[in-house]
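Peer 1: The structure's right below; bear with me while I get my questions together.
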Amino acid sequence: MTTTVRKAVIPAAGLGTRFLPTTKATPKEMLTLVDKPAIQYVVEEAVAAGITDILVVTGRGKRTIEDHFDRSPELEEALARAGKGELLQELASLAALAQFHFVRQGEPLGLGHAVGTARAHVGDAPFVVLLPDDLMHPSSTLLTDMIGAYDRTGKSVVALKRFDPPDISLYGVADVEGPTDGPLVVLRGMVEKPAPADAPSDLAIMGRYLFTPDIFDCIDKIQRGRGGEIQLTDAMALLAAGPGMRGWIFDRGRYDIGAKADFLRASVEFALDRGDVGPDFGRWLGRLVRERGL
């Protein structure tokens with residue numbers, strides 16, 4: 001795929017407190033759906049959209065993420081001796097998915113700070129940010145659509161999804177210009193987790209962003225917000241008011257795997273999609289639903 005956007009940043013320094021005690025010793029990004037860690041699905045999404053260079057922002061206790069996308073000569077040799085060539089090829093291909101780079105976020109100062117640590121690596125290039133808590137179904141074209149919108153407008157783009165009033169206050173909410181009947185909208189600004197009555201729209205900001213390098217100057221200008229953190233939404237508000245920003249509205253394919261119920265739903269749906277386990281698992285699941293009268 002030909003694209004002007006080749007670089008991605010994946011912030012993966014969070015503590016994963018919603019999945020304790022599992023995440024006490026295991027990074028939340030390495031929690032498994034079927035037989036792949038969550039972050040691998042995110043990387044594969046980026047690669048499918050034409051990304052070739054991926055920077056993962058990590059923190060303490062996240063070394064297993066680096067190891068997962070590195071070669072493992074001892075394991076590969078053992079698989080070769082055992083005649084497991086297909087599995088050997090699959091594992092060896094992980095390191096070849098993209099050029100991987102890793103940087104540590106020394107202090108937990110928020111998403112804006114995490115994105116800011118990518119400045120030296122990104123340079124003057126446009127780049128995407130993918131939050132690993134937001135998992136997209138492999139059939140989703142969201143990232144490709146956002147890159148296409150950037151190619152046409154030259155503006156930063158954020159993913160937006162509609163929510164009903166009771167749920168909108170859980171998210172950053174976009175303030176947009178004009179009608180929202182098409183997928184591409186112009187952003188005037190955004191509000192972080194407003195009360196439903198104060199929300200400027202029903203469009204919540206999701207965990208897929210495409211930024212021009214202007215975002216770094218905006219991050220440098222903002223003050224620390226709630227909890228002493230540097231809020232990415234504050235920097236995005238400056239970006240919208242200055243160089244300009246767009247939103248891309250989508251309606252399906254997202255799983256919030258930071259929430260236990262959605263993590264389970266994604267695990268089930270991803271398993272059903274698999275040719276090797278899907279048919280048997282689907283039949284078992286159908287029997288279980290009938291037996292329990294669900």
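Labeling convention for the structure tokens: chains A, B, ... as they appear, residues from 1 per chain, ligands from 1 in order of appearance.
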Could you name the residues that touch range 165-176 of chain A at 6 Å or less, counting only C-alpha atoms, but leaving out those on the same chain fewer than 5 positions away, as an MDAnalysis selection string?
Peer 2: chainID A and resid 186:196 200 203:205
Peer 1: Would you save the residues from that selection as a PDB file, in the first residue's frame, using C-alpha atoms?
Peer 2:
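The result, written out as again31.pdb:
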ATOM      1  CA  VAL A 186     -13.877  19.929  10.924  1.00  0.00           C
ATOM      2  CA  LEU A 187     -12.939  20.190  14.595  1.00  0.00           C
ATOM      3  CA  ARG A 188     -13.249  23.480  16.471  1.00  0.00           C
ATOM      4  CA  GLY A 189     -12.072  21.973  19.738  1.00  0.00           C
ATOM      5  CA  MET A 190     -12.794  19.290  22.293  1.00  0.00           C
ATOM      6  CA  VAL A 191     -13.867  18.868  25.898  1.00  0.00           C
ATOM      7  CA  GLU A 192     -12.504  16.177  28.209  1.00  0.00           C
ATOM      8  CA  LYS A 193     -15.240  14.059  29.846  1.00  0.00           C
ATOM      9  CA  PRO A 194     -18.021  16.674  29.988  1.00  0.00           C
ATOM     10  CA  ALA A 195     -21.328  16.175  31.764  1.00  0.00           C
ATOM     11  CA  PRO A 196     -23.917  14.940  29.221  1.00  0.00           C
ATOM     12  CA  PRO A 200     -20.698  19.868  22.501  1.00  0.00           C
ATOM     13  CA  LEU A 203     -18.990  12.400  18.932  1.00  0.00           C
ATOM     14  CA  ALA A 204     -16.430  10.875  21.281  1.00  0.00           C
ATOM     15  CA  ILE A 205     -12.710  10.768  20.552  1.00  0.00           C
TER      16      ILE A 205
END
Peer 1: Give me, as a list in words, all polymer residues having an atom no more than 7 Å from range 53-55 of chain A, counting only C-alpha atoms and skipping those fewer than 3 positions away in the same chain.
Peer 2: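 Once the nearby chain positions are removed, what remains is Arg6, Lys7, Ala8, Val9, Ile10, Ala98, Gln99, Phe100, His101 and Phe102 of chain A.
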Peer 1: One decimal, Å: what's the distance from CA of Thr26 in chain A over to CA of Phe281 in chain A, could you say?
Peer 2: 26.6 Å
Peer 1: State, in Å with one decimal place, the distance from CA of Ala12 in chain A to CA of Lys260 in chain A.
Peer 2: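 Going from CA of Ala12 in chain A over to CA of Lys260 in chain A, I get 18.1 Å.
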Peer 1: Taking only C-alpha atoms into account, which of A:Glu29, A:Asp251, A:Glu229, A:Glu177 comes nearest Gly61 in chain A?
Peer 2: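 The closest residue to Gly61 in chain A is A:Glu29.
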Peer 1: Using only C-alpha atoms, what does the table of range 117-162 of chain A residues within 6 Å of range 206-226 of chain A look like, with each row giving the shortest atom pair and its distance in Å to one decimal, sorted by chain and ascending number, as CSV?
Peer 2:
residue,atom,partner,partner_atom,distance
A:Asp124,CA,A:Pro213,CA,5.7
A:Pro126,CA,A:Thr212,CA,4.5
A:Phe127,CA,A:Phe211,CA,5.5
A:Val128,CA,A:Leu210,CA,4.2
A:Val129,CA,A:Tyr209,CA,5.0
A:Leu130,CA,A:Arg208,CA,5.0
A:Leu131,CA,A:Gly207,CA,5.0
A:Asp134,CA,A:Gly207,CA,5.8
A:Ser156,CA,A:Phe211,CA,4.6
A:Val157,CA,A:Leu210,CA,5.0
A:Val158,CA,A:Tyr209,CA,4.5
A:Ala159,CA,A:Met206,CA,5.4
A:Leu160,CA,A:Met206,CA,5.7
Peer 1: Would you please give, as JSON, numbers by chain, all residues of range 15-234 of chain A that DSSP assigns to helix (DSSP H, G or I) based on the backbone?
Peer 2: {"A": [17, 18, 19, 22, 23, 24, 28, 29, 30, 38, 39, 40, 41, 42, 43, 44, 45, 46, 47, 48, 63, 64, 65, 66, 67, 68, 73, 74, 75, 76, 77, 78, 79, 80, 81, 85, 86, 87, 88, 89, 90, 91, 92, 93, 94, 111, 112, 113, 114, 115, 116, 119, 120, 121, 122, 142, 143, 144, 145, 146, 147, 148, 149, 150, 151, 152, 153, 165, 166, 167, 168, 196, 197, 198, 214, 215, 216, 217, 218, 219, 220, 221, 226, 227, 228, 232, 233, 234]}
Peer 1: In range 90-288 of chain A, what's strand (DSSP E or B) per DSSP? Answer as a PDB file with N, CA and C atoms, in the first residue's frame?
Peer 2:
ATOM      1  N   GLN A  99       9.804  -1.972  11.292  1.00  0.00           N
ATOM      2  CA  GLN A  99      10.987  -1.576  12.049  1.00  0.00           C
ATOM      3  C   GLN A  99      10.507  -1.133  13.429  1.00  0.00           C
ATOM      4  N   PHE A 100      10.927  -1.842  14.465  1.00  0.00           N
ATOM      5  CA  PHE A 100      10.457  -1.560  15.814  1.00  0.00           C
ATOM      6  C   PHE A 100      11.485  -0.749  16.594  1.00  0.00           C
ATOM      7  N   HIS A 101      10.977   0.211  17.345  1.00  0.00           N
ATOM      8  CA  HIS A 101      11.804   1.038  18.218  1.00  0.00           C
ATOM      9  C   HIS A 101      11.065   1.171  19.550  1.00  0.00           C
ATOM     10  N   PHE A 102      11.821   1.350  20.616  1.00  0.00           N
ATOM     11  CA  PHE A 102      11.220   1.433  21.938  1.00  0.00           C
ATOM     12  C   PHE A 102      11.851   2.581  22.716  1.00  0.00           C
ATOM     13  N   VAL A 103      11.010   3.329  23.423  1.00  0.00           N
ATOM     14  CA  VAL A 103      11.491   4.397  24.278  1.00  0.00           C
ATOM     15  C   VAL A 103      10.711   4.347  25.576  1.00  0.00           C
ATOM     16  N   ARG A 104      11.346   4.669  26.677  1.00  0.00           N
ATOM     17  CA  ARG A 104      10.677   4.626  27.973  1.00  0.00           C
ATOM     18  C   ARG A 104      10.105   5.990  28.340  1.00  0.00           C
ATOM     19  N   PHE A 127       2.412  11.148  11.521  1.00  0.00           N
ATOM     20  CA  PHE A 127       2.450   9.841  12.173  1.00  0.00           C
ATOM     21  C   PHE A 127       1.096   9.530  12.794  1.00  0.00           C
ATOM     22  N   VAL A 128       0.851   8.253  13.027  1.00  0.00           N
ATOM     23  CA  VAL A 128      -0.374   7.847  13.693  1.00  0.00           C
ATOM     24  C   VAL A 128      -0.063   7.426  15.121  1.00  0.00           C
ATOM     25  N   VAL A 129      -1.040   7.600  15.992  1.00  0.00           N
ATOM     26  CA  VAL A 129      -0.973   7.124  17.362  1.00  0.00           C
ATOM     27  C   VAL A 129      -2.099   6.118  17.546  1.00  0.00           C
ATOM     28  N   LEU A 130      -1.750   4.937  18.029  1.00  0.00           N
ATOM     29  CA  LEU A 130      -2.737   3.882  18.233  1.00  0.00           C
ATOM     30  C   LEU A 130      -2.725   3.474  19.706  1.00  0.00           C
ATOM     31  N   ASP A 134      -7.780   0.254  22.617  1.00  0.00           N
ATOM     32  CA  ASP A 134      -8.781   0.271  21.556  1.00  0.00           C
ATOM     33  C   ASP A 134      -8.344  -0.709  20.476  1.00  0.00           C
ATOM     34  N   LEU A 135      -9.031  -1.823  20.407  1.00  0.00           N
ATOM     35  CA  LEU A 135      -8.698  -2.842  19.416  1.00  0.00           C
ATOM     36  C   LEU A 135      -9.708  -2.758  18.276  1.00  0.00           C
ATOM     37  N   MET A 136      -9.219  -2.758  17.053  1.00  0.00           N
ATOM     38  CA  MET A 136     -10.082  -2.705  15.881  1.00  0.00           C
ATOM     39  C   MET A 136     -10.153  -4.081  15.233  1.00  0.00           C
ATOM     40  N   SER A 156      -4.249  17.119  10.546  1.00  0.00           N
ATOM     41  CA  SER A 156      -4.340  16.033  11.515  1.00  0.00           C
ATOM     42  C   SER A 156      -5.767  15.513  11.566  1.00  0.00           C
ATOM     43  N   VAL A 157      -5.924  14.232  11.896  1.00  0.00           N
ATOM     44  CA  VAL A 157      -7.236  13.582  11.893  1.00  0.00           C
ATOM     45  C   VAL A 157      -7.363  12.732  13.155  1.00  0.00           C
ATOM     46  N   VAL A 158      -8.548  12.769  13.788  1.00  0.00           N
ATOM     47  CA  VAL A 158      -8.817  11.927  14.945  1.00  0.00           C
ATOM     48  C   VAL A 158     -10.060  11.091  14.667  1.00  0.00           C
ATOM     49  N   ALA A 159     -10.098   9.868  15.204  1.00  0.00           N
ATOM     50  CA  ALA A 159     -11.254   8.993  15.037  1.00  0.00           C
ATOM     51  C   ALA A 159     -12.358   9.404  15.997  1.00  0.00           C
ATOM     52  N   LEU A 160     -13.601   9.423  15.499  1.00  0.00           N
ATOM     53  CA  LEU A 160     -14.767   9.818  16.293  1.00  0.00           C
ATOM     54  C   LEU A 160     -15.849   8.749  16.176  1.00  0.00           C
ATOM     55  N   LYS A 161     -16.559   8.540  17.283  1.00  0.00           N
ATOM     56  CA  LYS A 161     -17.658   7.573  17.299  1.00  0.00           C
ATOM     57  C   LYS A 161     -18.817   8.152  18.107  1.00  0.00           C
ATOM     58  N   ARG A 162     -20.039   7.923  17.642  1.00  0.00           N
ATOM     59  CA  ARG A 162     -21.214   8.459  18.320  1.00  0.00           C
ATOM     60  C   ARG A 162     -21.548   7.630  19.565  1.00  0.00           C
ATOM     61  N   GLY A 172     -13.330  12.066  25.849  1.00  0.00           N
ATOM     62  CA  GLY A 172     -13.169  13.380  25.276  1.00  0.00           C
ATOM     63  C   GLY A 172     -14.174  13.531  24.147  1.00  0.00           C
ATOM     64  N   VAL A 173     -14.796  14.720  24.059  1.00  0.00           N
ATOM     65  CA  VAL A 173     -15.886  14.919  23.102  1.00  0.00           C
ATOM     66  C   VAL A 173     -15.508  16.037  22.138  1.00  0.00           C
ATOM     67  N   ALA A 174     -15.782  15.817  20.844  1.00  0.00           N
ATOM     68  CA  ALA A 174     -15.402  16.769  19.803  1.00  0.00           C
ATOM     69  C   ALA A 174     -16.438  17.869  19.654  1.00  0.00           C
ATOM     70  N   ASP A 175     -15.949  19.080  19.472  1.00  0.00           N
ATOM     71  CA  ASP A 175     -16.777  20.228  19.076  1.00  0.00           C
ATOM     72  C   ASP A 175     -16.508  20.434  17.593  1.00  0.00           C
ATOM     73  N   VAL A 176     -17.530  20.247  16.764  1.00  0.00           N
ATOM     74  CA  VAL A 176     -17.320  20.236  15.316  1.00  0.00           C
ATOM     75  C   VAL A 176     -18.101  21.358  14.641  1.00  0.00           C
ATOM     76  N   GLU A 177     -17.644  21.705  13.444  1.00  0.00           N
ATOM     77  CA  GLU A 177     -18.319  22.726  12.638  1.00  0.00           C
ATOM     78  C   GLU A 177     -19.298  22.071  11.669  1.00  0.00           C
ATOM     79  N   LEU A 184     -16.200  12.838   7.325  1.00  0.00           N
ATOM     80  CA  LEU A 184     -15.143  13.802   7.585  1.00  0.00           C
ATOM     81  C   LEU A 184     -15.730  15.111   8.092  1.00  0.00           C
ATOM     82  N   VAL A 185     -15.271  15.569   9.276  1.00  0.00           N
ATOM     83  CA  VAL A 185     -15.768  16.810   9.876  1.00  0.00           C
ATOM     84  C   VAL A 185     -14.592  17.677  10.298  1.00  0.00           C
ATOM     85  N   VAL A 186     -14.878  18.967  10.469  1.00  0.00           N
ATOM     86  CA  VAL A 186     -13.877  19.929  10.924  1.00  0.00           C
ATOM     87  C   VAL A 186     -14.024  20.119  12.425  1.00  0.00           C
ATOM     88  N   LEU A 187     -12.915  20.019  13.146  1.00  0.00           N
ATOM     89  CA  LEU A 187     -12.939  20.190  14.595  1.00  0.00           C
ATOM     90  C   LEU A 187     -12.670  21.643  14.978  1.00  0.00           C
ATOM     91  N   ARG A 188     -13.516  22.172  15.866  1.00  0.00           N
ATOM     92  CA  ARG A 188     -13.249  23.480  16.471  1.00  0.00           C
ATOM     93  C   ARG A 188     -12.487  23.333  17.777  1.00  0.00           C
ATOM     94  N   GLY A 189     -12.720  22.225  18.460  1.00  0.00           N
ATOM     95  CA  GLY A 189     -12.072  21.973  19.738  1.00  0.00           C
ATOM     96  C   GLY A 189     -12.605  20.694  20.340  1.00  0.00           C
ATOM     97  N   MET A 190     -12.340  20.498  21.620  1.00  0.00           N
ATOM     98  CA  MET A 190     -12.794  19.290  22.293  1.00  0.00           C
ATOM     99  C   MET A 190     -12.850  19.533  23.784  1.00  0.00           C
ATOM    100  N   VAL A 191     -13.672  18.747  24.463  1.00  0.00           N
ATOM    101  CA  VAL A 191     -13.867  18.868  25.898  1.00  0.00           C
ATOM    102  C   VAL A 191     -13.624  17.494  26.514  1.00  0.00           C
ATOM    103  N   GLU A 192     -12.833  17.450  27.575  1.00  0.00           N
ATOM    104  CA  GLU A 192     -12.504  16.177  28.209  1.00  0.00           C
ATOM    105  C   GLU A 192     -13.581  15.780  29.208  1.00  0.00           C
ATOM    106  N   LEU A 203     -20.144  13.033  19.564  1.00  0.00           N
ATOM    107  CA  LEU A 203     -18.990  12.400  18.932  1.00  0.00           C
ATOM    108  C   LEU A 203     -17.827  12.317  19.913  1.00  0.00           C
ATOM    109  N   ALA A 204     -17.518  11.100  20.332  1.00  0.00           N
ATOM    110  CA  ALA A 204     -16.430  10.875  21.281  1.00  0.00           C
ATOM    111  C   ALA A 204     -15.131  10.567  20.538  1.00  0.00           C
ATOM    112  N   ILE A 205     -14.035  10.989  21.127  1.00  0.00           N
ATOM    113  CA  ILE A 205     -12.710  10.768  20.552  1.00  0.00           C
ATOM    114  C   ILE A 205     -12.238   9.367  20.916  1.00  0.00           C
ATOM    115  N   MET A 206     -11.898   8.599  19.904  1.00  0.00           N
ATOM    116  CA  MET A 206     -11.436   7.235  20.095  1.00  0.00           C
ATOM    117  C   MET A 206      -9.910   7.163  19.983  1.00  0.00           C
ATOM    118  N   GLY A 207      -9.368   5.970  20.226  1.00  0.00           N
ATOM    119  CA  GLY A 207      -7.924   5.840  20.340  1.00  0.00           C
ATOM    120  C   GLY A 207      -7.154   5.653  19.058  1.00  0.00           C
ATOM    121  N   ARG A 208      -7.538   6.373  18.013  1.00  0.00           N
ATOM    122  CA  ARG A 208      -6.785   6.396  16.765  1.00  0.00           C
ATOM    123  C   ARG A 208      -6.623   7.856  16.350  1.00  0.00           C
ATOM    124  N   TYR A 209      -5.371   8.287  16.199  1.00  0.00           N
ATOM    125  CA  TYR A 209      -5.052   9.671  15.877  1.00  0.00           C
ATOM    126  C   TYR A 209      -4.035   9.685  14.742  1.00  0.00           C
ATOM    127  N   LEU A 210      -4.131  10.697  13.896  1.00  0.00           N
ATOM    128  CA  LEU A 210      -3.101  10.963  12.897  1.00  0.00           C
ATOM    129  C   LEU A 210      -2.680  12.414  13.084  1.00  0.00           C
ATOM    130  N   PHE A 211      -1.411  12.621  13.400  1.00  0.00           N
ATOM    131  CA  PHE A 211      -0.927  13.964  13.712  1.00  0.00           C
ATOM    132  C   PHE A 211       0.124  14.428  12.707  1.00  0.00           C
ATOM    133  N   MET A 245      -7.632  20.796  12.434  1.00  0.00           N
ATOM    134  CA  MET A 245      -7.744  19.366  12.678  1.00  0.00           C
ATOM    135  C   MET A 245      -9.071  18.860  12.128  1.00  0.00           C
ATOM    136  N   ARG A 246      -9.092  17.614  11.715  1.00  0.00           N
ATOM    137  CA  ARG A 246     -10.290  16.988  11.187  1.00  0.00           C
ATOM    138  C   ARG A 246     -10.663  15.778  12.050  1.00  0.00           C
ATOM    139  N   GLY A 247     -11.912  15.355  11.928  1.00  0.00           N
ATOM    140  CA  GLY A 247     -12.372  14.138  12.582  1.00  0.00           C
ATOM    141  C   GLY A 247     -12.934  13.182  11.550  1.00  0.00           C
ATOM    142  N   TRP A 248     -12.735  11.876  11.774  1.00  0.00           N
ATOM    143  CA  TRP A 248     -13.292  10.861  10.886  1.00  0.00           C
ATOM    144  C   TRP A 248     -14.263  10.004  11.700  1.00  0.00           C
ATOM    145  N   ILE A 249     -15.536  10.026  11.319  1.00  0.00           N
ATOM    146  CA  ILE A 249     -16.576   9.333  12.066  1.00  0.00           C
ATOM    147  C   ILE A 249     -16.700   7.892  11.554  1.00  0.00           C
ATOM    148  N   ARG A 254     -14.849  -1.511  16.781  1.00  0.00           N
ATOM    149  CA  ARG A 254     -13.981  -1.167  17.901  1.00  0.00           C
ATOM    150  C   ARG A 254     -14.353  -1.967  19.141  1.00  0.00           C
ATOM    151  N   TYR A 255     -13.308  -2.385  19.854  1.00  0.00           N
ATOM    152  CA  TYR A 255     -13.473  -3.039  21.152  1.00  0.00           C
ATOM    153  C   TYR A 255     -12.637  -2.275  22.183  1.00  0.00           C
ATOM    154  N   ASP A 256     -13.243  -1.919  23.298  1.00  0.00           N
ATOM    155  CA  ASP A 256     -12.504  -1.297  24.395  1.00  0.00           C
ATOM    156  C   ASP A 256     -12.009  -2.410  25.305  1.00  0.00           C
TER     157      ASP A 256
END
